[in-house]
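Below is data02.cif, which holds mmCIF, C-alpha atoms.
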```
data_start
#
loop_
_atom_site.group_PDB
_atom_site.id
_atom_site.type_symbol
_atom_site.label_atom_id
_atom_site.label_comp_id
_atom_site.auth_asym_id
_atom_site.auth_seq_id
_atom_site.Cartn_x
_atom_site.Cartn_y
_atom_site.Cartn_z
ATOM 1 C CA MET R 1 -51.682 -21.556 -78.653
ATOM 2 C CA ASN R 2 -50.468 -21.383 -82.251
ATOM 3 C CA GLU R 3 -53.053 -21.523 -85.037
ATOM 4 C CA PRO R 4 -52.537 -24.093 -87.836
ATOM 5 C CA LEU R 5 -50.219 -22.805 -90.543
ATOM 6 C CA THR R 6 -51.145 -25.475 -93.078
ATOM 7 C CA ASN R 7 -54.034 -27.743 -94.011
ATOM 8 C CA ASP R 8 -51.647 -30.430 -95.215
ATOM 9 C CA TRP R 9 -51.348 -33.776 -93.478
ATOM 10 C CA ALA R 10 -48.141 -34.774 -91.699
ATOM 11 C CA VAL R 11 -47.467 -38.485 -92.112
ATOM 12 C CA ILE R 12 -45.575 -40.054 -89.191
ATOM 13 C CA LYS R 13 -44.382 -43.534 -90.056
ATOM 14 C CA ASN R 14 -42.498 -46.200 -88.146
ATOM 15 C CA PRO R 15 -40.272 -47.911 -90.728
ATOM 16 C CA THR R 16 -40.024 -51.091 -88.615
ATOM 17 C CA SER R 17 -43.785 -51.801 -88.382
ATOM 18 C CA GLY R 18 -44.864 -54.468 -90.880
ATOM 19 C CA PHE R 19 -41.991 -53.323 -93.096
ATOM 20 C CA ARG R 20 -42.677 -55.077 -96.411
ATOM 21 C CA SER R 21 -46.427 -54.688 -96.486
ATOM 22 C CA MET R 22 -46.192 -51.135 -95.129
ATOM 23 C CA LYS R 23 -43.806 -50.002 -97.862
ATOM 24 C CA LYS R 24 -46.129 -51.245 -100.598
ATOM 25 C CA ASP R 25 -49.263 -49.890 -98.933
ATOM 26 C CA LEU R 26 -47.744 -46.492 -98.174
ATOM 27 C CA LEU R 27 -46.459 -46.026 -101.731
ATOM 28 C CA ALA R 28 -49.940 -46.739 -103.093
ATOM 29 C CA THR R 29 -51.565 -44.451 -100.503
ATOM 30 C CA ASN R 30 -49.127 -41.614 -101.251
ATOM 31 C CA GLU R 31 -49.871 -41.868 -104.952
ATOM 32 C CA ASN R 32 -53.637 -41.882 -104.340
ATOM 33 C CA MET R 33 -53.328 -38.848 -102.066
ATOM 34 C CA ARG R 34 -51.445 -36.944 -104.761
ATOM 35 C CA LYS R 35 -54.091 -37.838 -107.342
ATOM 36 C CA ALA R 36 -56.805 -36.667 -104.935
ATOM 37 C CA GLY R 37 -54.994 -33.354 -104.374
ATOM 38 C CA ILE R 38 -54.359 -34.031 -100.687
ATOM 39 C CA GLY R 39 -51.232 -32.246 -99.491
ATOM 40 C CA PHE R 40 -48.893 -34.140 -97.166
ATOM 41 C CA SER R 41 -45.342 -34.521 -95.915
ATOM 42 C CA VAL R 42 -43.733 -37.808 -94.813
ATOM 43 C CA ASN R 43 -41.777 -37.965 -91.551
ATOM 44 C CA GLU R 44 -39.985 -41.122 -90.412
ATOM 45 C CA THR R 45 -39.207 -42.134 -86.842
ATOM 46 C CA ARG R 46 -35.626 -43.181 -86.115
ATOM 47 C CA PHE R 47 -35.725 -44.684 -82.622
ATOM 48 C CA ALA R 48 -38.075 -45.681 -79.807
ATOM 49 C CA GLY R 49 -39.794 -42.599 -78.417
ATOM 50 C CA HIS R 50 -38.917 -40.427 -81.424
ATOM 51 C CA ALA R 51 -42.558 -40.104 -82.531
ATOM 52 C CA ILE R 52 -43.329 -38.147 -79.341
ATOM 53 C CA GLU R 53 -40.776 -35.458 -80.127
ATOM 54 C CA LEU R 54 -41.528 -35.559 -83.846
ATOM 55 C CA THR R 55 -45.218 -34.956 -83.147
ATOM 56 C CA LYS R 56 -44.445 -31.964 -80.932
ATOM 57 C CA GLU R 57 -42.142 -30.573 -83.614
ATOM 58 C CA LEU R 58 -44.791 -30.931 -86.334
ATOM 59 C CA LEU R 59 -47.477 -29.332 -84.173
ATOM 60 C CA GLY R 60 -45.054 -26.478 -83.459
ATOM 61 C CA LYS R 61 -44.714 -25.970 -87.219
ATOM 62 C CA GLY R 62 -48.468 -25.545 -87.538
ATOM 63 C CA TYR R 63 -49.654 -29.012 -88.552
ATOM 64 C CA ARG R 64 -52.963 -30.063 -87.031
ATOM 65 C CA ARG R 65 -53.661 -33.098 -89.203
ATOM 66 C CA LEU R 66 -51.561 -36.177 -88.515
ATOM 67 C CA ILE R 67 -51.496 -39.597 -90.191
ATOM 68 C CA VAL R 68 -49.947 -42.428 -88.183
ATOM 69 C CA VAL R 69 -48.454 -45.259 -90.239
ATOM 70 C CA GLY R 70 -47.547 -48.056 -87.873
ATOM 71 C CA GLY R 71 -48.911 -50.075 -84.987
ATOM 72 C CA ASP R 72 -50.413 -49.314 -81.604
ATOM 73 C CA GLY R 73 -46.998 -48.412 -80.171
ATOM 74 C CA THR R 74 -46.364 -45.710 -82.777
ATOM 75 C CA LEU R 75 -49.893 -44.399 -82.262
ATOM 76 C CA ASN R 76 -49.255 -44.268 -78.504
ATOM 77 C CA GLU R 77 -46.172 -42.115 -78.995
ATOM 78 C CA VAL R 78 -48.032 -39.722 -81.317
ATOM 79 C CA VAL R 79 -50.873 -39.423 -78.780
ATOM 80 C CA ASN R 80 -48.351 -38.659 -76.033
ATOM 81 C CA GLY R 81 -46.788 -36.013 -78.272
ATOM 82 C CA ILE R 82 -50.207 -34.427 -78.839
ATOM 83 C CA MET R 83 -51.182 -34.516 -75.165
ATOM 84 C CA THR R 84 -47.921 -32.928 -74.012
ATOM 85 C CA SER R 85 -47.574 -30.381 -76.823
ATOM 86 C CA PRO R 86 -46.872 -26.827 -75.588
ATOM 87 C CA THR R 87 -48.113 -25.279 -78.838
ATOM 88 C CA CYS R 88 -51.714 -26.443 -79.253
ATOM 89 C CA GLU R 89 -54.712 -27.978 -77.537
ATOM 90 C CA SER R 90 -55.219 -31.670 -78.230
ATOM 91 C CA SER R 91 -58.825 -30.998 -79.301
ATOM 92 C CA SER R 92 -57.522 -29.023 -82.297
ATOM 93 C CA VAL R 93 -55.676 -32.054 -83.689
ATOM 94 C CA THR R 94 -57.151 -34.605 -86.090
ATOM 95 C CA LEU R 95 -55.655 -38.090 -86.361
ATOM 96 C CA ALA R 96 -55.901 -40.611 -89.175
ATOM 97 C CA LEU R 97 -54.466 -44.113 -89.132
ATOM 98 C CA LEU R 98 -52.913 -46.445 -91.696
ATOM 99 C CA PRO R 99 -52.435 -49.550 -89.505
ATOM 100 C CA HIS R 100 -49.202 -51.519 -89.896
ATOM 101 C CA GLY R 101 -48.075 -53.220 -86.719
ATOM 102 C CA THR R 102 -48.190 -56.470 -84.793
ATOM 103 C CA GLY R 103 -51.477 -55.976 -82.964
ATOM 104 C CA ASN R 104 -53.309 -53.018 -84.546
ATOM 105 C CA ASP R 105 -55.979 -53.240 -81.845
ATOM 106 C CA TRP R 106 -57.066 -49.597 -82.063
ATOM 107 C CA GLY R 107 -57.546 -49.869 -85.814
ATOM 108 C CA ARG R 108 -59.347 -53.199 -85.356
ATOM 109 C CA TYR R 109 -61.958 -51.487 -83.155
ATOM 110 C CA TRP R 110 -62.824 -49.120 -86.021
ATOM 111 C CA GLY R 111 -62.725 -51.836 -88.680
ATOM 112 C CA MET R 112 -59.358 -50.764 -90.110
ATOM 113 C CA ARG R 113 -57.064 -53.674 -91.004
ATOM 114 C CA ARG R 114 -53.478 -53.787 -92.149
ATOM 115 C CA GLY R 115 -53.286 -53.587 -95.926
ATOM 116 C CA LYS R 116 -57.064 -53.171 -96.271
ATOM 117 C CA THR R 117 -57.604 -49.562 -95.208
ATOM 118 C CA ASP R 118 -58.534 -46.998 -97.863
ATOM 119 C CA LEU R 119 -57.049 -43.949 -96.163
ATOM 120 C CA VAL R 120 -57.833 -41.573 -99.027
ATOM 121 C CA LYS R 121 -61.512 -42.527 -98.892
ATOM 122 C CA ILE R 122 -61.538 -42.004 -95.113
ATOM 123 C CA ILE R 123 -59.983 -38.542 -95.508
ATOM 124 C CA GLN R 124 -62.367 -37.563 -98.290
ATOM 125 C CA GLU R 125 -65.456 -38.727 -96.407
ATOM 126 C CA GLY R 126 -64.266 -36.852 -93.307
ATOM 127 C CA LYS R 127 -66.180 -38.835 -90.679
ATOM 128 C CA CYS R 128 -64.687 -37.567 -87.437
ATOM 129 C CA VAL R 129 -65.294 -38.664 -83.858
ATOM 130 C CA LYS R 130 -63.953 -37.180 -80.649
ATOM 131 C CA VAL R 131 -62.161 -39.941 -78.749
ATOM 132 C CA ASP R 132 -61.164 -40.200 -75.114
ATOM 133 C CA VAL R 133 -57.568 -40.525 -73.931
ATOM 134 C CA GLY R 134 -56.429 -42.325 -70.790
ATOM 135 C CA ARG R 135 -53.681 -41.232 -68.416
ATOM 136 C CA LEU R 136 -51.543 -43.214 -65.982
ATOM 137 C CA SER R 137 -49.896 -41.173 -63.203
ATOM 138 C CA PHE R 138 -47.635 -42.018 -60.286
ATOM 139 C CA GLU R 139 -45.127 -40.214 -58.113
ATOM 140 C CA GLY R 140 -41.768 -41.328 -56.752
ATOM 141 C CA GLU R 141 -38.358 -39.970 -55.883
ATOM 142 C CA TRP R 142 -38.019 -38.689 -59.462
ATOM 143 C CA GLY R 143 -41.221 -36.656 -59.192
ATOM 144 C CA LYS R 144 -44.624 -37.150 -60.806
ATOM 145 C CA ARG R 145 -44.718 -39.122 -64.050
ATOM 146 C CA SER R 146 -47.618 -39.397 -66.485
ATOM 147 C CA ARG R 147 -48.098 -41.412 -69.651
ATOM 148 C CA TYR R 148 -51.123 -41.372 -71.940
ATOM 149 C CA PHE R 149 -52.846 -44.208 -73.806
ATOM 150 C CA ILE R 150 -55.575 -44.346 -76.408
ATOM 151 C CA ASN R 151 -56.453 -48.036 -76.744
ATOM 152 C CA GLY R 152 -55.736 -49.695 -73.420
ATOM 153 C CA LEU R 153 -53.536 -50.268 -70.399
ATOM 154 C CA GLY R 154 -52.576 -53.449 -68.582
ATOM 155 C CA PHE R 155 -50.685 -54.589 -65.513
ATOM 156 C CA GLY R 156 -50.052 -57.924 -63.827
ATOM 157 C CA LEU R 157 -50.082 -60.751 -66.372
ATOM 158 C CA ASP R 158 -51.269 -58.408 -69.123
ATOM 159 C CA ALA R 159 -48.083 -56.342 -68.877
ATOM 160 C CA LYS R 160 -45.899 -59.436 -68.758
ATOM 161 C CA VAL R 161 -47.492 -60.752 -71.952
ATOM 162 C CA CYS R 162 -46.618 -57.469 -73.646
ATOM 163 C CA PHE R 163 -43.082 -57.662 -72.267
ATOM 164 C CA PHE R 164 -42.585 -61.151 -73.725
ATOM 165 C CA THR R 165 -44.239 -60.132 -77.008
ATOM 166 C CA ASN R 166 -41.779 -57.283 -77.476
ATOM 167 C CA LYS R 167 -38.874 -59.657 -76.790
ATOM 168 C CA LEU R 168 -40.221 -62.212 -79.286
ATOM 169 C CA LYS R 169 -40.732 -59.484 -81.905
ATOM 170 C CA ASP R 170 -37.021 -58.720 -81.701
ATOM 171 C CA ILE R 171 -36.347 -62.353 -82.652
ATOM 172 C CA PHE R 172 -39.161 -63.272 -85.060
ATOM 173 C CA GLY R 173 -40.413 -59.903 -86.326
ATOM 174 C CA GLY R 174 -43.995 -58.659 -86.157
ATOM 175 C CA HIS R 175 -46.558 -61.495 -86.239
ATOM 176 C CA HIS R 176 -49.800 -61.393 -84.285
ATOM 177 C CA TRP R 177 -49.459 -65.081 -83.298
ATOM 178 C CA LEU R 178 -46.613 -63.966 -81.031
ATOM 179 C CA TYR R 179 -49.218 -62.724 -78.535
ATOM 180 C CA THR R 180 -50.518 -66.277 -78.061
ATOM 181 C CA LEU R 181 -47.011 -67.649 -77.496
ATOM 182 C CA ALA R 182 -46.233 -64.792 -75.097
ATOM 183 C CA LEU R 183 -49.491 -65.478 -73.230
ATOM 184 C CA VAL R 184 -48.544 -69.109 -72.618
ATOM 185 C CA LEU R 185 -45.021 -68.170 -71.492
ATOM 186 C CA SER R 186 -46.370 -65.495 -69.165
ATOM 187 C CA ILE R 187 -49.016 -67.620 -67.469
ATOM 188 C CA PHE R 188 -46.473 -70.113 -66.172
ATOM 189 C CA THR R 189 -43.832 -67.572 -65.089
ATOM 190 C CA HIS R 190 -46.034 -64.825 -63.635
ATOM 191 C CA LYS R 191 -45.769 -63.807 -59.953
ATOM 192 C CA ILE R 192 -48.924 -62.747 -58.099
ATOM 193 C CA ARG R 193 -48.907 -59.282 -56.461
ATOM 194 C CA LYS R 194 -51.248 -58.115 -53.708
ATOM 195 C CA CYS R 195 -52.982 -54.818 -54.415
ATOM 196 C CA THR R 196 -56.061 -52.716 -53.709
ATOM 197 C CA ILE R 197 -58.084 -51.308 -56.600
ATOM 198 C CA SER R 198 -60.774 -48.663 -56.079
ATOM 199 C CA ASP R 199 -62.908 -46.424 -58.285
ATOM 200 C CA CYS R 200 -64.474 -43.004 -57.784
ATOM 201 C CA LYS R 201 -67.840 -44.545 -56.862
ATOM 202 C CA GLY R 202 -66.639 -46.217 -53.674
ATOM 203 C CA LYS R 203 -66.105 -49.703 -55.094
ATOM 204 C CA GLU R 204 -62.919 -51.263 -53.728
ATOM 205 C CA MET R 205 -61.207 -54.631 -54.021
ATOM 206 C CA GLU R 206 -58.239 -55.951 -52.073
ATOM 207 C CA LEU R 207 -56.883 -59.016 -53.794
ATOM 208 C CA PRO R 208 -53.934 -61.070 -54.964
ATOM 209 C CA LEU R 209 -53.868 -59.729 -58.533
ATOM 210 C CA PHE R 210 -53.347 -62.077 -61.453
ATOM 211 C CA SER R 211 -53.995 -59.575 -64.241
ATOM 212 C CA ALA R 212 -55.812 -56.344 -65.072
ATOM 213 C CA SER R 213 -56.747 -54.907 -68.439
ATOM 214 C CA VAL R 214 -58.111 -51.359 -68.761
ATOM 215 C CA GLY R 215 -59.824 -50.689 -72.059
ATOM 216 C CA ASN R 216 -60.658 -47.463 -73.813
ATOM 217 C CA SER R 217 -61.682 -49.702 -76.706
ATOM 218 C CA CYS R 218 -62.294 -53.458 -76.440
ATOM 219 C CA TYR R 219 -59.338 -55.214 -78.107
ATOM 220 C CA SER R 220 -55.808 -55.980 -76.964
ATOM 221 C CA GLY R 221 -53.145 -58.566 -77.712
ATOM 222 C CA GLY R 222 -53.814 -58.713 -81.432
ATOM 223 C CA GLY R 223 -57.602 -59.081 -81.328
ATOM 224 C CA LEU R 224 -58.262 -60.572 -77.888
ATOM 225 C CA LYS R 225 -61.319 -59.028 -76.264
ATOM 226 C CA GLN R 226 -60.419 -58.558 -72.601
ATOM 227 C CA THR R 227 -62.670 -55.549 -71.988
ATOM 228 C CA ASP R 228 -65.782 -53.968 -73.494
ATOM 229 C CA GLY R 229 -64.792 -50.323 -73.711
ATOM 230 C CA ASP R 230 -66.210 -47.498 -75.815
ATOM 231 C CA PRO R 231 -63.670 -44.738 -76.652
ATOM 232 C CA THR R 232 -66.361 -42.055 -76.878
ATOM 233 C CA ASP R 233 -68.171 -42.468 -73.530
ATOM 234 C CA GLY R 234 -65.624 -40.856 -71.178
ATOM 235 C CA LEU R 235 -65.226 -44.109 -69.235
ATOM 236 C CA MET R 236 -62.777 -46.991 -68.979
ATOM 237 C CA PHE R 237 -63.779 -50.636 -68.809
ATOM 238 C CA ALA R 238 -61.407 -52.554 -66.540
ATOM 239 C CA THR R 239 -61.353 -56.333 -66.193
ATOM 240 C CA VAL R 240 -59.568 -57.407 -63.011
ATOM 241 C CA ILE R 241 -58.659 -61.083 -62.550
ATOM 242 C CA LYS R 242 -57.998 -62.519 -59.118
ATOM 243 C CA ARG R 243 -55.577 -65.312 -58.269
ATOM 244 C CA LEU R 244 -56.356 -68.341 -60.430
ATOM 245 C CA THR R 245 -56.209 -72.014 -59.607
ATOM 246 C CA PHE R 246 -54.580 -74.312 -62.165
ATOM 247 C CA VAL R 247 -58.016 -75.371 -63.423
ATOM 248 C CA ASN R 248 -59.210 -71.773 -63.639
ATOM 249 C CA ILE R 249 -56.243 -70.874 -65.842
ATOM 250 C CA PHE R 250 -57.752 -73.033 -68.580
ATOM 251 C CA ARG R 251 -61.239 -71.708 -67.845
ATOM 252 C CA GLY R 252 -59.783 -68.233 -68.122
ATOM 253 C CA LEU R 253 -58.256 -68.971 -71.509
ATOM 254 C CA SER R 254 -61.599 -70.342 -72.680
ATOM 255 C CA ALA R 255 -63.405 -67.204 -71.464
ATOM 256 C CA LEU R 256 -60.768 -64.992 -73.072
ATOM 257 C CA PHE R 257 -61.093 -66.566 -76.505
ATOM 258 C CA ALA R 258 -64.899 -66.525 -76.147
ATOM 259 C CA HIS R 259 -64.797 -62.724 -75.584
ATOM 260 C CA ARG R 260 -66.478 -62.931 -72.149
ATOM 261 C CA LEU R 261 -63.551 -62.746 -69.750
ATOM 262 C CA TRP R 262 -65.135 -60.069 -67.529
ATOM 263 C CA GLU R 263 -68.137 -62.344 -66.879
ATOM 264 C CA ALA R 264 -66.067 -65.165 -65.351
ATOM 265 C CA SER R 265 -66.407 -65.952 -61.629
ATOM 266 C CA PHE R 266 -62.772 -65.027 -60.983
ATOM 267 C CA SER R 267 -63.067 -61.617 -62.705
ATOM 268 C CA GLU R 268 -64.422 -58.252 -61.636
ATOM 269 C CA ALA R 269 -65.399 -55.391 -63.956
ATOM 270 C CA PHE R 270 -64.966 -51.688 -63.200
ATOM 271 C CA ILE R 271 -66.712 -49.145 -65.448
ATOM 272 C CA THR R 272 -65.539 -45.745 -64.298
ATOM 273 C CA ASP R 273 -63.574 -42.632 -65.229
ATOM 274 C CA LYS R 274 -60.931 -43.080 -62.518
ATOM 275 C CA LEU R 275 -59.136 -45.958 -60.808
ATOM 276 C CA LYS R 276 -56.650 -45.912 -57.953
ATOM 277 C CA ILE R 277 -54.192 -48.717 -57.297
ATOM 278 C CA ARG R 278 -52.309 -49.343 -54.078
ATOM 279 C CA THR R 279 -49.682 -52.032 -53.795
ATOM 280 C CA THR R 280 -46.577 -52.897 -51.792
ATOM 281 C CA ARG R 281 -44.309 -53.219 -54.828
ATOM 282 C CA SER R 282 -43.561 -51.101 -57.891
ATOM 283 C CA LEU R 283 -45.498 -52.219 -60.954
ATOM 284 C CA LEU R 284 -44.860 -52.889 -64.629
ATOM 285 C CA PHE R 285 -47.485 -51.471 -67.033
ATOM 286 C CA GLU R 286 -48.131 -51.655 -70.737
ATOM 287 C CA LEU R 287 -49.906 -48.789 -72.485
ATOM 288 C CA ASP R 288 -50.918 -49.577 -76.084
ATOM 289 C CA GLY R 289 -48.057 -52.085 -76.103
ATOM 290 C CA VAL R 290 -45.481 -49.586 -74.774
ATOM 291 C CA MET R 291 -43.833 -50.585 -71.503
ATOM 292 C CA VAL R 292 -43.867 -48.220 -68.508
ATOM 293 C CA ASP R 293 -41.791 -49.769 -65.735
ATOM 294 C CA ALA R 294 -41.988 -48.098 -62.307
ATOM 295 C CA ARG R 295 -39.547 -50.753 -61.102
ATOM 296 C CA GLU R 296 -36.736 -48.967 -62.930
ATOM 297 C CA GLU R 297 -36.930 -46.092 -60.452
ATOM 298 C CA THR R 298 -37.064 -48.531 -57.543
ATOM 299 C CA ARG R 299 -33.894 -50.222 -58.746
ATOM 300 C CA GLN R 300 -32.163 -46.838 -58.832
ATOM 301 C CA THR R 301 -33.543 -45.324 -55.613
ATOM 302 C CA GLY R 302 -34.378 -48.369 -53.509
ATOM 303 C CA LYS R 303 -37.890 -47.024 -52.811
ATOM 304 C CA GLU R 304 -41.057 -48.748 -53.969
ATOM 305 C CA ILE R 305 -43.768 -46.795 -55.807
ATOM 306 C CA THR R 306 -46.993 -47.960 -54.220
ATOM 307 C CA GLU R 307 -49.764 -45.648 -55.479
ATOM 308 C CA TYR R 308 -51.009 -45.182 -59.052
ATOM 309 C CA GLU R 309 -53.928 -43.402 -60.706
ATOM 310 C CA ILE R 310 -55.607 -44.157 -64.030
ATOM 311 C CA GLU R 311 -58.136 -41.685 -65.410
ATOM 312 C CA MET R 312 -60.033 -41.114 -68.635
ATOM 313 C CA LEU R 313 -59.984 -37.683 -70.260
ATOM 314 C CA PRO R 314 -63.091 -37.301 -72.449
ATOM 315 C CA ALA R 315 -63.170 -36.119 -76.070
ATOM 316 C CA LYS R 316 -59.498 -35.140 -76.239
ATOM 317 C CA ILE R 317 -58.540 -35.904 -79.864
ATOM 318 C CA ASN R 318 -60.400 -35.922 -83.187
ATOM 319 C CA MET R 319 -60.137 -39.226 -85.062
ATOM 320 C CA LEU R 320 -61.073 -39.943 -88.680
ATOM 321 C CA VAL R 321 -62.826 -43.306 -88.974
ATOM 322 C CA PRO R 322 -64.462 -45.255 -91.833
#
```
What's the structure tokens form of this structure?
Amino acid sequence: MNEPLTNDWAVIKNPTSGFRSMKKDLLATNENMRKAGIGFSVNETRFAGHAIELTKELLGKGYRRLIVVGGDGTLNEVVNGIMTSPTCESSSVTLALLPHGTGNDWGRYWGMRRGKTDLVKIIQEGKCVKVDVGRLSFEGEWGKRSRYFINGLGFGLDAKVCFFTNKLKDIFGGHHWLYTLALVLSIFTHKIRKCTISDCKGKEMELPLFSASVGNSCYSGGGLKQTDGDPTDGLMFATVIKRLTFVNIFRGLSALFAHRLWEASFSEAFITDKLKIRTTRSLLFELDGVMVDAREETRQTGKEITEYEIEMLPAKINMLVP
């Protein structure tokens, strides 16, 4: 693996995330970094998925310090670039974040808010933690596919909410209230899927699945607390919700906004480092707000993908935090 060729920071920014506020914040941050003598280069993404390739390119050039300017989706792409880099181990990379997106749930966990994060101070103080990274894997006619996540993963209703949120963002721009609107739309259009969920400890559930949220941290959907994860413990915290009655839908919303969803009678919590999912139909997932749709392959090949694995990989990336 290549050794770092520079101690400078490579800034990877998504120009479409919180555009107006980001531009002002980034200009001020750049100026403060120059004054502090912190070397950096700015690299802009141009299309969906570009941050993955851009990250690999920068790591190949010898950068090992990366600043993500954007939301959870941009961060997800950078993490996937790090985890699939052929030129360095992920544990040699240090990430910093200047949050500017719709949800910013990973930053929220660490107390970093859009427009209120002093990145220069964080860099100068140098408080670094080793964070876990999750991986979703499944195999179909196109071979084995894997995608990484750092904040959380969802399927069932959770993925549909993300799907609607992304559609609404295209119309209204990035506002965190879109998650609430998408949640309401999703609840009344969602189709229940039967599946079996099991962990590495022998716990298994066969159920008509309403929704599942797998957390490396605890927030999703712009500050909703669906899980109670800790990104440094090597484990995932999964909240699985069974089929809901009409009355329980409203009880579920109440539990969700009270940050105790996993304690509800219609929920089940898994705290583990590995989950396996078996179903009769191909699934739609969201990973840090990025859609991974196994149904696309089914539409092309006519064959359902029925088995999936989610696992946590401990202490994979260094993260600077306040």
May I have the residues within 12 Å of R:Lys24 as a VMD selection string, using all atoms listed in the file and disregarding those fewer than 5 positions away in the same chain?
chain R and resid 15 18 to 19 29 to 31 100 114 to 116
Find the residues with any atom within 6 Å of (-48.5, -35.6, -81.5); use only C-alpha atoms and the coordinates as given in the file, and write the answer as a PyMOL selection string.
chain R and resi 55-56+78-79+81-82
I'd like the residues picked by the PyMOL selection byres ((chain R and resi 120) around 12) written out as a ChimeraX atom specification, using the chain letters and numbers from the file.
/R:9,25-26,28-40,67,96-98,116-119,121-126,320-322
For R:Trp106, find every residue with an atom within 10 Å (counting all atoms listed in the file), except residues of its own chain fewer than 4 positions away, and show them as an mmCIF file with C-alpha atoms, in the frame of the given file.
```
data_model
loop_
_atom_site.group_PDB
_atom_site.id
_atom_site.type_symbol
_atom_site.label_atom_id
_atom_site.label_comp_id
_atom_site.auth_asym_id
_atom_site.auth_seq_id
_atom_site.Cartn_x
_atom_site.Cartn_y
_atom_site.Cartn_z
ATOM 1 C CA GLY R 71 -48.911 -50.075 -84.987
ATOM 2 C CA ASP R 72 -50.413 -49.314 -81.604
ATOM 3 C CA LEU R 75 -49.893 -44.399 -82.262
ATOM 4 C CA LEU R 97 -54.466 -44.113 -89.132
ATOM 5 C CA PRO R 99 -52.435 -49.550 -89.505
ATOM 6 C CA TRP R 110 -62.824 -49.120 -86.021
ATOM 7 C CA GLY R 111 -62.725 -51.836 -88.680
ATOM 8 C CA MET R 112 -59.358 -50.764 -90.110
ATOM 9 C CA ARG R 113 -57.064 -53.674 -91.004
ATOM 10 C CA ILE R 150 -55.575 -44.346 -76.408
ATOM 11 C CA ASN R 151 -56.453 -48.036 -76.744
ATOM 12 C CA GLY R 152 -55.736 -49.695 -73.420
ATOM 13 C CA ASN R 216 -60.658 -47.463 -73.813
ATOM 14 C CA SER R 217 -61.682 -49.702 -76.706
ATOM 15 C CA CYS R 218 -62.294 -53.458 -76.440
ATOM 16 C CA TYR R 219 -59.338 -55.214 -78.107
ATOM 17 C CA SER R 220 -55.808 -55.980 -76.964
ATOM 18 C CA GLY R 222 -53.814 -58.713 -81.432
ATOM 19 C CA GLY R 223 -57.602 -59.081 -81.328
ATOM 20 C CA PRO R 231 -63.670 -44.738 -76.652
ATOM 21 C CA ASP R 288 -50.918 -49.577 -76.084
#
```
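Taking atom CA of R:Glu57 as the reference point, atom CA of R:Asn104 is found at 25.1 Å.
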